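Here the structure comes first, spelled out in structure tokens, and everything after it is commentary.
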Amino acid sequence: MPVNCTHMDVIVIGGGIVGVATAYQLRAAGHRVCVVERHATVAQGATYGHGGTVLPTPLDVWFGPTFMAHRQDAKNGVIRKTGFNGAARDFIRQLNTLQEPDAFARQYSRLRPLVESARDAMADMEARFGLEFEQSTGQLYLVRTAQEWERAQSALDLLRRFEVPHHVLSAAECAALEHSVPTEPAFAGGVLFETERTANCPLFAKLIKQTLDAQGGVQFQLGREVAAIRVDGERAAVELVPRVGEPLRSREVDVISADAVVVAAGVGSLPLLERLGLHLPLHPLRLHTLVAPIAHEECAPHITVIDAVKRITVTRNNHRLRIAGGAVLQAIGQTDKPLGEPLTKEALALLGQATHDWIPGAAKISAAMPWEGVKLLSPDGLPVVGNALHPRLFVNLGHGPAGWGLACGSARLVADLVSGTVPDLPPDTVAALGAERFGR
């Protein structure tokens with residue numbers, strides 16, 4: 001069971017959206033927090049290139065009937081690199097078990113309370129501090145073929161079941177709503193979410209850091225990398241890699257101690273946890289983003305346009321378009337190596353093609369700034385959140401590409417568990433998110 005203390009010193013490893021949100025919720029619960037981030041500031045890793053979708057709907061979670069439904073590379077927006085090992089094949093096989101509608105419905109039902117908790121947490125933060133982070137309302141999911149539309153029906157069933165506000169539209173209605181969408185070539189239709197939002201994820205993370213800096217109680221150790229985690233019966237600690245150019249000193253100088261440690265460092269979490277004996281079957285996805293200037297204002301969309309099957313999001317931010325997706329599924333051992341020019345070109349071509357298909361003439365792709373980063377996806381599509389392996393060790397990772405706002409809900413759950421407070425989430429959701437669901 002987690003340690004139950006009223007006020008604790010907690011180390012959060014990772015300064016992306018998950019780590020910053022976790023620090024905020026821990027501080028709100030009365031704890032003192034130290035965030036250790038290897039970059040020079042927050043939101044510089046996978047957070048930096050996030051597509052913008054704040055919270056996931058059943059149409060864009062990275063599991064279910066429309067995810068990896070095709071064997072051909074890139075038909076669903078995911079490029080599978082050849083030379084997979086057994087772990088990668090097992091990962092795909094497990095995700096494929098959730099394509100069956102009943103299995104998909106059960107799994108999304110477990111995720112849904114976290115989505116709503118995240119919505120409440122974000123609303124509270126926005127109202128409290130008056131945050132402005134390029135929020136925009138309205139998302140239009142578009143589906144190409146009748147076959148893909150049929151696969152999406154179980155997701156539409158869940159929208160109705162959970163009374164998520166939405167409108168199912170014909171192709172003509174989509175084009176009438178969003179003038180940038182062409183009616184030719186013909187497509188199957190779309191789904192409009194008038195109240196769902198997209199926003200600037202790294203800006204949000206930086207604003208939360210500014211808020212924490214002003215309030216006090218949270219220290220940021222920037223430009224520091226964690227070498228190892230220590231946990232014992234009384235305390236927890238992290239060992240830090242010496243700074244570049246720093247003279248070699250005794251090991252104890254580079255150790256920070258606390259009452260608990262939360263690992264929220266994305267793909268960098270895995271080796272730290274493995275050294276403690278915790279092996280999580282999470283898999284890296286290399287995601288791509290193009291930030292392109294608007295080529296022709298009359299062609300630019302006024303709401304976010306999402307290719308529902310290829311999971312490519314096109315969001316307008318002022319005079320630019322953020323086009324995100326183009327996932328490449330690699331073997332785990334390849335994550336720290338360059339992707340290679342052919343695969344990078346293929347991934348970016350997917351983004352450019354989706355933009356041409358759905359909003360032709362809107363983006364100046366030739367002048368776009370590319371980005372790529374690695375995010376973790378779990379074999380059951382759910383993040384890994386909660387106490388793990390030791391009463392003083394907690395994890396908050398594996399959120400995947402869909403819905404960066406989930407971090408605010410999972411951060412609230414971690415803060416409850418660290419505090420020894422019973423979470424507001426249903427017990428089956430808490431269990432479904434826990435690391436112990438994978439065994440050891």
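Note on naming: chains are A, B, ... as they come in the structure tokens, residues start from 1 per chain, ligands start from 1 in the order shown.
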All alpha helix (DSSP H) positions in region 198-362 of chain A, as a PyMOL selection string: chain A and resi 201-215+269-275+341-358
For the interface of region 178-258 of chain A with region 343-367 of chain A (cut-off 8 Å, counting only C-alpha atoms), please tabulate each contacting residue of region 178-258 of chain A alongside its nearest pair of atoms and their separation in Å to one decimal, rows sorted by chain and increasing number, as a tab-separated table.
residue	atom	partner	partner_atom	distance
A:Ser180	CA	A:Ile359	CA	5.2
A:Val181	CA	A:Trp358	CA	5.3
A:Pro182	CA	A:Trp358	CA	6.7
Same residues, N, CA and C atoms, saved as a CSV table (one decimal), in the first residue's frame:
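out_34.csv was written with the following content:
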chain,number,residue,atom,x,y,z
A,180,SER,N,-13.6,24.4,-46.2
A,180,SER,CA,-12.3,24.0,-46.8
A,180,SER,C,-12.3,22.5,-47.2
A,181,VAL,N,-13.3,21.7,-46.8
A,181,VAL,CA,-13.4,20.3,-47.1
A,181,VAL,C,-14.0,20.1,-48.5
A,182,PRO,N,-13.4,19.5,-49.4
A,182,PRO,CA,-14.0,19.3,-50.7
A,182,PRO,C,-15.0,18.1,-50.8
Contact residues around region 39-54 of chain A with only C-alpha atoms at 6 Å, ignoring same-chain residues under 2 positions, as a ChimeraX atom specification: /A:15-16,37,197-200,202,222-223,324,373-374,403-405
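The shell of residues at most 8 Å from Ala105 (chain A), with only C-alpha atoms counted and near chain neighbours (fewer than 3 positions) removed, consists of Pro101, Asp102, Tyr108, Ser109, Ser154 and Leu158 of chain A.
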Minimum-distance residue to Leu282 (chain A), chosen among A:Ile332, A:Val418, A:Ala188, A:Ile294 (using only C-alpha atoms): A:Ile332
Strand (DSSP E) per DSSP on the backbone: members of region 48-164 of chain A, as a ChimeraX atom specification: /A:78-80,136-143
Excluding Ala146 (chain A) and residues on its chain fewer than 2 positions from it, collect all residues at most 8 Å away from it, counting only C-alpha atoms, and give them as a PDB file with N, CA and C atoms, in the first residue's frame.
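Produced file result-v3.pdb, reproduced below:
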ATOM      1  N   ARG A 144     -13.267   8.285 -44.808  1.00  0.00           N
ATOM      2  CA  ARG A 144     -13.223   8.178 -46.258  1.00  0.00           C
ATOM      3  C   ARG A 144     -14.228   7.188 -46.843  1.00  0.00           C
ATOM      4  N   GLU A 148     -14.736   1.876 -43.729  1.00  0.00           N
ATOM      5  CA  GLU A 148     -14.206   2.542 -42.539  1.00  0.00           C
ATOM      6  C   GLU A 148     -15.332   3.115 -41.687  1.00  0.00           C
ATOM      7  N   TRP A 149     -16.365   3.613 -42.340  1.00  0.00           N
ATOM      8  CA  TRP A 149     -17.521   4.128 -41.618  1.00  0.00           C
ATOM      9  C   TRP A 149     -18.199   3.022 -40.814  1.00  0.00           C
ATOM     10  N   GLU A 150     -18.269   1.832 -41.410  1.00  0.00           N
ATOM     11  CA  GLU A 150     -18.863   0.692 -40.709  1.00  0.00           C
ATOM     12  C   GLU A 150     -18.041   0.325 -39.473  1.00  0.00           C
ATOM     13  N   PHE A 187     -16.536  11.037 -50.047  1.00  0.00           N
ATOM     14  CA  PHE A 187     -16.146  10.344 -48.812  1.00  0.00           C
ATOM     15  C   PHE A 187     -17.406   9.992 -48.031  1.00  0.00           C
ATOM     16  N   ALA A 188     -17.251   9.167 -46.987  1.00  0.00           N
ATOM     17  CA  ALA A 188     -18.411   8.558 -46.333  1.00  0.00           C
ATOM     18  C   ALA A 188     -19.172   9.525 -45.430  1.00  0.00           C
TER      19      ALA A 188
END
Using only C-alpha atoms: which of A:His31, A:His179, A:Arg38, A:Arg89 has the shortest distance to Arg243 (chain A): A:Arg38
7 Å contact set for region 307-323 of chain A, only C-alpha atoms, chain neighbours under 4 positions out, as a VMD selection string: chain A and resid 51 59 to 60 66 75 to 77 134 141 to 143 289 to 294 351 363
